file structure_36.cif (mmCIF, C-alpha atoms)
data_final
loop_
_atom_site.label_atom_id
_atom_site.label_comp_id
_atom_site.auth_asym_id
_atom_site.auth_seq_id
_atom_site.Cartn_x
_atom_site.Cartn_y
_atom_site.Cartn_z
CA MET H 1084 0.00 0.00 0.00
CA THR H 1085 1.46 3.29 -1.05
CA VAL H 1086 1.15 6.58 0.83
CA ASP H 1087 0.40 9.73 -1.10
CA THR H 1088 3.22 12.12 -0.32
CA ALA H 1089 2.36 14.70 -2.93
CA PRO H 1090 2.59 18.28 -1.59
CA ALA H 1091 -0.61 20.21 -0.95
CA PRO H 1092 -1.59 22.54 -3.76
CA ALA H 1093 -0.26 26.06 -3.31
CA ALA H 1094 -2.64 28.92 -2.83
CA ALA H 1095 -3.56 30.76 -5.96
CA PRO H 1096 -1.45 33.86 -6.59
CA GLY H 1097 -3.04 37.03 -5.13
CA ARG H 1098 -5.43 35.09 -2.96
CA PRO H 1099 -5.01 35.65 0.82
CA ARG H 1100 -4.60 32.64 3.02
CA ALA H 1101 -7.51 31.96 5.33
CA ALA H 1102 -6.90 33.41 8.81
CA GLU H 1103 -6.57 30.99 11.65
CA PRO H 1104 -9.40 31.18 14.17
CA SER H 1105 -8.49 33.34 17.20
CA PRO H 1106 -9.06 32.02 20.72
CA PRO H 1107 -12.27 33.22 22.33
CA ASP H 1108 -12.04 36.29 24.60
CA ARG H 1109 -11.94 35.56 28.28
CA ALA H 1110 -14.34 37.32 30.62
CA GLY H 1111 -11.61 37.38 33.27
CA MET H 1112 -9.41 39.55 31.07
CA ALA H 1113 -12.20 42.07 30.63
CA LEU H 1114 -12.80 42.18 34.37
CA ALA H 1115 -9.08 42.60 35.05
CA GLY H 1116 -8.93 45.45 32.56
CA ALA H 1117 -11.89 47.16 34.22
CA ALA H 1118 -10.31 46.72 37.66
CA LEU H 1119 -7.09 48.33 36.44
CA CYS H 1120 -9.07 51.25 34.97
CA VAL H 1121 -10.86 51.75 38.31
CA LEU H 1122 -7.62 51.58 40.31
CA ALA H 1123 -5.83 54.02 38.01
CA ALA H 1124 -8.74 56.48 38.06
CA VAL H 1125 -9.02 56.42 41.87
CA LEU H 1126 -5.27 56.78 42.49
CA LEU H 1127 -4.93 59.62 40.02
CA GLY H 1128 -8.05 61.23 41.50
CA PHE H 1129 -6.58 61.06 45.01
CA ALA H 1130 -3.34 62.65 43.88
CA ALA H 1131 -5.23 65.39 42.03
CA ASN H 1132 -7.71 66.09 44.83
CA LEU H 1133 -5.00 66.49 47.44
CA THR H 1134 -2.87 68.73 45.22
CA ILE H 1135 -3.81 70.69 42.08
CA VAL H 1136 -7.55 70.03 41.82
CA GLY H 1137 -8.06 70.44 45.58
CA HIS H 1138 -6.27 73.78 45.60
CA LEU H 1139 -8.32 74.98 42.62
CA GLN H 1140 -11.53 73.89 44.34
CA HIS H 1141 -10.47 75.75 47.49
CA SER H 1142 -9.78 78.94 45.52
CA ARG H 1143 -13.14 78.76 43.77
CA ASP H 1144 -15.05 78.11 47.01
CA GLN H 1145 -13.22 80.95 48.75
CA ALA H 1146 -14.08 83.41 45.98
CA THR H 1147 -17.75 82.41 46.13
CA ALA H 1148 -17.85 82.56 49.95
CA TYR H 1149 -16.12 85.97 49.99
CA ASP H 1150 -18.71 87.45 47.63
CA GLU H 1151 -21.53 86.04 49.75
CA LEU H 1152 -20.05 87.25 53.06
CA ARG H 1153 -19.39 90.72 51.62
CA ARG H 1154 -23.00 90.89 50.43
CA GLN H 1155 -24.29 89.88 53.86
CA LEU H 1156 -22.06 92.40 55.63
CA ALA H 1157 -23.20 95.17 53.28
CA THR H 1158 -26.88 94.40 53.85
CA GLY H 1159 -26.52 93.82 57.59
CA ILE H 1160 -27.62 90.17 57.58
CA ALA H 1161 -24.29 88.49 58.32
CA PRO H 1162 -24.61 85.92 61.14
CA VAL H 1163 -23.58 87.00 64.64
CA GLY H 1164 -24.30 83.68 66.35
CA GLN H 1165 -25.48 80.16 65.68
CA GLN H 1166 -28.58 81.32 63.83
CA THR H 1167 -29.37 83.41 60.76
CA TYR H 1168 -31.07 86.79 60.99
CA GLU H 1169 -34.33 84.89 60.36
CA GLY H 1170 -33.78 82.71 63.43
CA LYS H 1171 -32.91 79.53 61.51
CA PRO H 1172 -29.84 77.38 62.39
CA LEU H 1173 -26.81 78.12 60.25
CA GLU H 1174 -26.21 75.56 57.52
CA PRO H 1175 -22.82 73.79 57.54
CA GLY H 1176 -20.51 75.67 55.21
CA ALA H 1177 -22.25 79.03 55.58
CA PRO H 1178 -19.72 81.93 55.68
CA VAL H 1179 -19.49 83.51 59.14
CA ALA H 1180 -16.24 85.49 59.29
CA LEU H 1181 -13.19 86.76 57.42
CA LEU H 1182 -9.85 85.76 58.95
CA ARG H 1183 -6.70 87.77 58.27
CA ILE H 1184 -3.15 87.11 59.49
CA PRO H 1185 -1.01 89.81 57.82
CA ALA H 1186 2.27 88.21 58.93
CA LEU H 1187 1.45 85.11 56.86
CA GLY H 1188 -0.37 86.89 54.05
CA LEU H 1189 -3.42 84.82 54.97
CA LYS H 1190 -6.93 85.96 54.07
CA GLU H 1191 -9.61 83.27 54.33
CA VAL H 1192 -13.37 83.16 54.68
CA VAL H 1193 -14.37 81.06 57.69
CA ALA H 1194 -17.36 78.75 57.27
CA GLU H 1195 -19.67 77.31 59.91
CA GLY H 1196 -18.74 73.75 60.90
CA THR H 1197 -15.55 71.71 61.11
CA THR H 1198 -16.29 68.47 59.25
CA SER H 1199 -13.85 67.28 56.63
CA GLY H 1200 -16.22 68.34 53.85
CA VAL H 1201 -16.55 71.89 55.19
CA LEU H 1202 -12.79 72.29 55.63
CA MET H 1203 -12.24 71.46 51.95
CA SER H 1204 -13.45 74.98 51.19
CA GLY H 1205 -11.38 76.73 53.87
CA PRO H 1206 -11.17 77.19 57.65
CA GLY H 1207 -14.21 76.28 59.70
CA HIS H 1208 -15.68 77.62 62.94
CA ARG H 1209 -16.44 75.05 65.61
CA ARG H 1210 -20.19 75.32 66.08
CA ASP H 1211 -20.28 74.92 69.88
CA THR H 1212 -17.98 77.92 70.50
CA PRO H 1213 -18.76 81.65 70.29
CA LEU H 1214 -17.88 83.64 67.21
CA PRO H 1215 -14.51 85.44 67.30
CA GLY H 1216 -14.73 88.70 69.23
CA GLN H 1217 -17.34 87.48 71.70
CA ALA H 1218 -16.68 86.47 75.31
CA GLY H 1219 -15.25 82.98 75.63
CA THR H 1220 -12.92 80.86 73.51
CA SER H 1221 -13.69 80.72 69.81
CA VAL H 1222 -12.18 77.82 67.84
CA ILE H 1223 -11.31 77.85 64.12
CA MET H 1224 -9.86 74.77 62.38
CA GLY H 1225 -8.06 74.62 59.05
CA ARG H 1226 -6.13 72.18 56.89
CA GLN H 1227 -2.37 71.89 57.07
CA TRP H 1228 -1.64 70.57 53.54
CA GLY H 1229 -4.71 69.69 51.49
CA TYR H 1230 -7.21 72.01 49.79
CA GLY H 1231 -5.31 75.27 49.80
CA SER H 1232 -3.30 74.41 52.96
CA PRO H 1233 -4.48 77.64 54.67
CA PHE H 1234 -2.97 76.79 58.09
CA ASN H 1235 0.31 75.31 56.87
CA ASP H 1236 2.46 78.04 58.49
CA LEU H 1237 0.68 78.47 61.83
CA ASP H 1238 3.66 77.04 63.70
CA LYS H 1239 5.74 80.01 62.51
CA LEU H 1240 3.64 82.63 64.35
CA PRO H 1241 5.64 84.35 67.11
CA PRO H 1242 3.97 85.79 70.24
CA GLY H 1243 2.43 89.18 69.63
CA THR H 1244 1.45 88.47 66.02
CA ARG H 1245 -1.73 90.32 65.03
CA VAL H 1246 -4.77 88.31 63.96
CA GLU H 1247 -7.91 90.03 62.60
CA VAL H 1248 -11.37 88.50 62.31
CA THR H 1249 -14.32 90.34 60.77
CA THR H 1250 -17.84 89.14 61.64
CA GLY H 1251 -21.33 90.60 61.40
CA GLN H 1252 -20.64 92.49 64.67
CA ALA H 1253 -17.26 94.11 64.09
CA LYS H 1254 -13.61 93.58 63.24
CA SER H 1255 -11.94 91.96 66.24
CA VAL H 1256 -8.20 92.05 66.83
CA PHE H 1257 -6.21 89.32 68.60
CA GLU H 1258 -2.58 88.92 69.63
CA VAL H 1259 -0.92 85.52 69.54
CA LEU H 1260 0.07 84.18 72.97
CA ASP H 1261 1.86 80.97 72.03
CA VAL H 1262 1.89 77.88 69.82
CA ARG H 1263 0.88 74.66 71.57
CA ARG H 1264 1.77 71.12 70.52
CA PRO H 1265 0.64 67.85 72.12
CA GLY H 1266 1.80 67.75 75.73
CA ASP H 1267 2.36 71.51 76.10
CA ARG H 1268 0.88 73.40 79.05
CA LEU H 1269 -2.65 74.72 78.70
CA PRO H 1270 -3.19 78.50 78.73
CA ALA H 1271 -4.57 80.19 81.82
CA PRO H 1272 -8.38 80.11 82.16
CA LEU H 1273 -10.26 83.12 80.83
CA ALA H 1274 -11.60 85.69 83.25
CA GLU H 1275 -15.22 86.81 83.12
CA GLY H 1276 -15.95 88.79 79.95
CA GLN H 1277 -12.64 88.05 78.18
CA GLY H 1278 -12.27 86.61 74.69
CA ARG H 1279 -9.78 84.23 73.09
CA LEU H 1280 -9.23 82.70 69.68
CA THR H 1281 -7.72 79.23 69.18
CA LEU H 1282 -6.58 78.21 65.70
CA ILE H 1283 -6.22 74.44 65.19
CA THR H 1284 -4.48 72.40 62.50
CA ALA H 1285 -2.42 69.21 62.22
CA THR H 1286 1.21 68.51 62.98
CA GLY H 1287 3.46 66.07 61.14
CA GLY H 1288 4.82 65.62 57.64
CA PRO H 1289 3.01 66.35 54.37
CA TYR H 1290 -0.36 64.56 54.32
CA THR H 1291 0.64 62.46 57.34
CA PRO H 1292 -0.92 64.16 60.42
CA SER H 1293 0.46 62.93 63.71
CA GLY H 1294 -1.09 65.33 66.21
CA ILE H 1295 -2.83 68.63 66.78
CA LEU H 1296 -1.22 72.08 66.75
CA ARG H 1297 -3.00 74.97 68.48
CA VAL H 1298 -2.33 78.71 68.36
CA ASP H 1299 -3.87 80.72 71.21
CA ALA H 1300 -4.53 84.45 70.77
CA ARG H 1301 -6.06 86.90 73.24
CA LEU H 1302 -8.70 89.44 72.28
CA VAL H 1303 -7.35 93.00 72.51
CA SER H 1304 -10.31 94.83 70.93
CA PRO H 1305 -13.64 95.43 72.72
CA VAL H 1306 -15.65 92.31 73.53
CA GLN H 1307 -18.84 91.90 71.49
CA PRO H 1308 -22.12 90.70 73.03
CA ASN H 1309 -22.94 87.00 72.96
CA PRO H 1310 -26.32 86.12 71.42
CA PRO H 1311 -28.28 83.12 72.78
CA ARG H 1312 -26.61 79.83 71.91
CA VAL H 1313 -28.50 76.82 70.61
CA VAL H 1314 -25.54 74.44 70.41
CA ARG H 1315 -23.88 74.18 73.80
CA THR H 1316 -20.25 73.24 74.40
CA GLY H 1317 -19.73 69.60 73.50
CA TRP H 1318 -22.97 69.34 71.51
CA ILE H 1319 -21.27 68.47 68.22
CA GLY H 1320 -20.76 65.22 66.35
CA SER H 1321 -17.57 63.19 66.49
CA SER H 1322 -16.88 64.08 62.84
CA GLU H 1323 -16.44 67.74 63.88
CA GLU H 1324 -13.59 67.06 66.29
CA ALA H 1325 -9.99 67.73 65.25
CA LEU H 1326 -8.38 64.89 63.22
CA ALA H 1327 -11.78 63.25 62.67
CA GLY H 1328 -13.10 61.90 59.38
CA GLU H 1329 -16.65 62.05 58.07
CA PRO H 1330 -18.25 58.55 58.12
CA ALA H 1331 -21.36 59.85 56.34
CA ALA H 1332 -19.25 60.02 53.16
CA TRP H 1333 -19.22 56.22 52.82
CA LEU H 1334 -22.57 56.21 51.00
CA GLU H 1335 -21.31 58.76 48.49
CA VAL H 1336 -18.12 56.74 47.98
CA PHE H 1337 -20.16 53.59 47.33
CA LEU H 1338 -22.47 55.23 44.79
CA TRP H 1339 -19.68 56.93 42.85
CA SER H 1340 -17.67 53.69 42.88
CA GLN H 1341 -20.57 51.85 41.24
CA GLY H 1342 -20.69 54.44 38.50
CA LEU H 1343 -16.92 54.21 38.01
CA LEU H 1344 -17.02 50.41 37.75
CA VAL H 1345 -19.79 50.50 35.14
CA ALA H 1346 -17.88 53.11 33.14
CA ALA H 1347 -14.71 50.98 33.30
CA LEU H 1348 -16.54 47.88 32.02
CA LEU H 1349 -18.05 49.90 29.18
CA THR H 1350 -14.62 51.30 28.35
CA VAL H 1351 -13.12 47.80 28.09
CA GLY H 1352 -15.99 46.72 25.88
CA ALA H 1353 -15.63 49.79 23.69
CA TYR H 1354 -11.92 49.08 23.29
CA ARG H 1355 -12.76 45.73 21.70
CA VAL H 1356 -15.40 47.22 19.38
CA TRP H 1357 -14.13 50.70 18.48
CA GLY H 1358 -10.39 50.44 18.82
CA ARG H 1359 -7.74 52.18 20.87
CA TRP H 1360 -7.94 55.85 19.94
CA GLN H 1361 -11.71 56.11 19.80
CA THR H 1362 -11.95 54.55 23.24
CA TRP H 1363 -9.30 56.83 24.70
CA ILE H 1364 -11.02 59.95 23.38
CA VAL H 1365 -14.40 58.99 24.82
CA GLY H 1366 -13.46 56.95 27.88
CA VAL H 1367 -10.62 58.88 29.50
CA PRO H 1368 -12.62 62.06 30.34
CA VAL H 1369 -15.46 59.98 31.80
CA LEU H 1370 -13.13 57.82 33.89
CA ALA H 1371 -11.17 60.88 35.07
CA ALA H 1372 -14.33 62.70 36.16
CA LEU H 1373 -15.68 59.68 38.03
CA GLY H 1374 -12.25 59.01 39.57
CA LEU H 1375 -12.17 62.57 40.91
CA ALA H 1376 -15.69 62.16 42.29
CA VAL H 1377 -14.85 58.89 44.07
CA SER H 1378 -11.57 60.17 45.50
CA GLY H 1379 -13.15 63.48 46.51
CA ALA H 1380 -15.80 61.66 48.51
CA ALA H 1381 -13.17 59.32 49.97
CA THR H 1382 -11.04 62.29 51.03
CA ARG H 1383 -13.83 63.27 53.42
CA LEU H 1384 -13.08 60.05 55.31
CA LEU H 1385 -9.56 61.30 56.07
CA PRO H 1386 -8.69 63.62 59.01
CA ASN H 1387 -10.39 67.00 58.60
CA VAL H 1388 -7.23 69.06 59.30
CA LEU H 1389 -4.97 67.02 57.01
#

call {"tool": "encode", "arguments": {"input": "structure_36.cif", "output": "structure tokens"}}
result
Amino acid sequence: MTVDTAPAPAAAPGRPRAAEPSPPDRAGMALAGAALCVLAAVLLGFAANLTIVGHLQHSRDQATAYDELRRQLATGIAPVGQQTYEGKPLEPGAPVALLRIPALGLKEVVAEGTTSGVLMSGPGHRRDTPLPGQAGTSVIMGRQWGYGSPFNDLDKLPPGTRVEVTTGQAKSVFEVLDVRRPGDRLPAPLAEGQGRLTLITATGGPYTPSGILRVDARLVSPVQPNPPRVVRTGWIGSSEEALAGEPAAWLEVFLWSQGLLVAALLTVGAYRVWGRWQTWIVGVPVLAALGLAVSGAATRLLPNVL
């Protein structure tokens, strides 16, 4: 029995050879690609929120708050206590004062509240303390590094430095007494009818808070009257304390994360249908925007004076 060893007929000239069937796509590869898109978007969003984008957001919010506070001061409806001129509680983030420290070149609008979300826009007034210029100790918190880093140089203030705070009552002037770090001696108790301002931020390296830094300043201008207080000392949530995060932001993080995951899966699918450049043009802006949204919400979980 003979075996046919004749060679197979060659393909006709000019006729392409039939392509070999490609292996089927794996669902695991698509999921891995989507996971990498999500991770990259979140990490880049974190870096942007804590640096360039966060500083731009702070500048925009400060400009808006300054215009609103100036309007309220001009019309005589700026808050002088814990309520509006209509008797309603102040909303978190409402502008209440203008803080100036000429030695640092600092000029910031102070908002009501000290949660991490409020301090993204600038310094915040602790709600259970009087406004600056009134009798008692007023507390203002601000970030050390993120979102404009308004209080980054507080540790450089020498005793006697002038601090000015303008509210709906008047412009109050303070003089710095000292800078306190963890373990330092507390200032002497206030006498009846005296006023004090305490500025609070974080200590430690960049974006790694390790403690609380306080700057105490005594009121040297006339004391302003204290209106009735609705929120007594200590009547604030744990998220308003120094170095606290904002647990309520978890829901926002979850919802934005779902949107980012869906967008990443659609981007991977579009890459297989459209091609590389079409997908990049359409997908990158969407993923970047959702990554910023997720990381911005997640930043609220970090210490408020970071």

call {"tool": "closest_residue", "arguments": {"input": "structure_36.cif", "among": "H:Thr1212, H:Ile1184, H:Thr1167, H:Ile1295", "to": "Gly1243 of chain H", "atoms": "only C-alpha atoms"}}
result
H:Ile1184

call {"tool": "residues_around", "arguments": {"input": "structure_36.cif", "residues": "Ser1204 of chain H", "least_positions_apart": "2", "cutoff": "8 Å", "atoms": "only C-alpha atoms", "output": "VMD selection string"}}
result
chain H and resid 1140 to 1142 1144 to 1145 1200 to 1202 1206 1230

call {"tool": "write_last_selection", "arguments": {"input": "structure_36.cif", "atoms": "C-alpha atoms", "output": "mmCIF file, in the coordinates of the input"}}
result
data_model
loop_
_atom_site.group_PDB
_atom_site.id
_atom_site.type_symbol
_atom_site.label_atom_id
_atom_site.label_comp_id
_atom_site.auth_asym_id
_atom_site.auth_seq_id
_atom_site.Cartn_x
_atom_site.Cartn_y
_atom_site.Cartn_z
ATOM 1 C CA GLN H 1140 -11.530 73.890 44.340
ATOM 2 C CA HIS H 1141 -10.470 75.750 47.490
ATOM 3 C CA SER H 1142 -9.780 78.940 45.520
ATOM 4 C CA ASP H 1144 -15.050 78.110 47.010
ATOM 5 C CA GLN H 1145 -13.220 80.950 48.750
ATOM 6 C CA GLY H 1200 -16.220 68.340 53.850
ATOM 7 C CA VAL H 1201 -16.550 71.890 55.190
ATOM 8 C CA LEU H 1202 -12.790 72.290 55.630
ATOM 9 C CA PRO H 1206 -11.170 77.190 57.650
ATOM 10 C CA TYR H 1230 -7.210 72.010 49.790
#

call {"tool": "resolve_selection", "arguments": {"input": "structure_36.cif", "expression": "the PyMOL selection byres ((chain H and resi 1369-1375) around 9)", "output": "ChimeraX atom specification"}}
result
/H:1120-1129,1131-1132,1136,1339-1340,1342-1343,1346-1347,1350,1365-1368,1376-1380

call {"tool": "atom_distance", "arguments": {"input": "structure_36.cif", "atom1": "atom CA of Gly1196 of chain H", "atom2": "atom CA of Val1163 of chain H"}}
result
14.6 Å

call {"tool": "resolve_selection", "arguments": {"input": "structure_36.cif", "expression": "the PyMOL selection byres ((chain H and resi 1268-1282) around 8)", "output": "tab-separated table (two decimals) with C-alpha atoms, in the frame of the given file"}}
result
chain	number	residue	atom	x	y	z
H	1215	PRO	CA	-14.51	85.44	67.30
H	1216	GLY	CA	-14.73	88.70	69.23
H	1217	GLN	CA	-17.34	87.48	71.70
H	1218	ALA	CA	-16.68	86.47	75.31
H	1219	GLY	CA	-15.25	82.98	75.63
H	1220	THR	CA	-12.92	80.86	73.51
H	1221	SER	CA	-13.69	80.72	69.81
H	1222	VAL	CA	-12.18	77.82	67.84
H	1223	ILE	CA	-11.31	77.85	64.12
H	1224	MET	CA	-9.86	74.77	62.38
H	1225	GLY	CA	-8.06	74.62	59.05
H	1257	PHE	CA	-6.21	89.32	68.60
H	1263	ARG	CA	0.88	74.66	71.57
H	1266	GLY	CA	1.80	67.75	75.73
H	1267	ASP	CA	2.36	71.51	76.10
H	1283	ILE	CA	-6.22	74.44	65.19
H	1284	THR	CA	-4.48	72.40	62.50
H	1297	ARG	CA	-3.00	74.97	68.48
H	1298	VAL	CA	-2.33	78.71	68.36
H	1299	ASP	CA	-3.87	80.72	71.21
H	1300	ALA	CA	-4.53	84.45	70.77
H	1301	ARG	CA	-6.06	86.90	73.24
H	1302	LEU	CA	-8.70	89.44	72.28
H	1306	VAL	CA	-15.65	92.31	73.53

call {"tool": "closest_residue", "arguments": {"input": "structure_36.cif", "among": "H:Leu1348, H:Val1248, H:Ala1285, H:Val1388", "to": "Val1193 of chain H", "atoms": "all atoms listed in the file"}}
result
H:Val1248

call {"tool": "resolve_selection", "arguments": {"input": "structure_36.cif", "expression": "the PyMOL selection byres ((chain H and resi 1320) around 12)", "output": "list in words"}}
result
Gly1196, Thr1197, Thr1198, Arg1209, Arg1210, Asp1211, Val1314, Thr1316, Gly1317, Trp1318, Ile1319, Ser1321, Ser1322, Glu1323, Glu1324, Ala1325, Ala1327, Gly1328, Glu1329, Pro1330 and Ala1331 of chain H

call {"tool": "write_last_selection", "arguments": {"input": "structure_36.cif", "atoms": "C-alpha atoms", "output": "compact mmCIF listing (two decimals), in the frame of the given file"}}
result
# COMPACT_ATOMS: atom_id res chain seq x y z
CA GLY H 1196 -18.74 73.75 60.90
CA THR H 1197 -15.55 71.71 61.11
CA THR H 1198 -16.29 68.47 59.25
CA ARG H 1209 -16.44 75.05 65.61
CA ARG H 1210 -20.19 75.32 66.08
CA ASP H 1211 -20.28 74.92 69.88
CA VAL H 1314 -25.54 74.44 70.41
CA THR H 1316 -20.25 73.24 74.40
CA GLY H 1317 -19.73 69.60 73.50
CA TRP H 1318 -22.97 69.34 71.51
CA ILE H 1319 -21.27 68.47 68.22
CA SER H 1321 -17.57 63.19 66.49
CA SER H 1322 -16.88 64.08 62.84
CA GLU H 1323 -16.44 67.74 63.88
CA GLU H 1324 -13.59 67.06 66.29
CA ALA H 1325 -9.99 67.73 65.25
CA ALA H 1327 -11.78 63.25 62.67
CA GLY H 1328 -13.10 61.90 59.38
CA GLU H 1329 -16.65 62.05 58.07
CA PRO H 1330 -18.25 58.55 58.12
CA ALA H 1331 -21.36 59.85 56.34
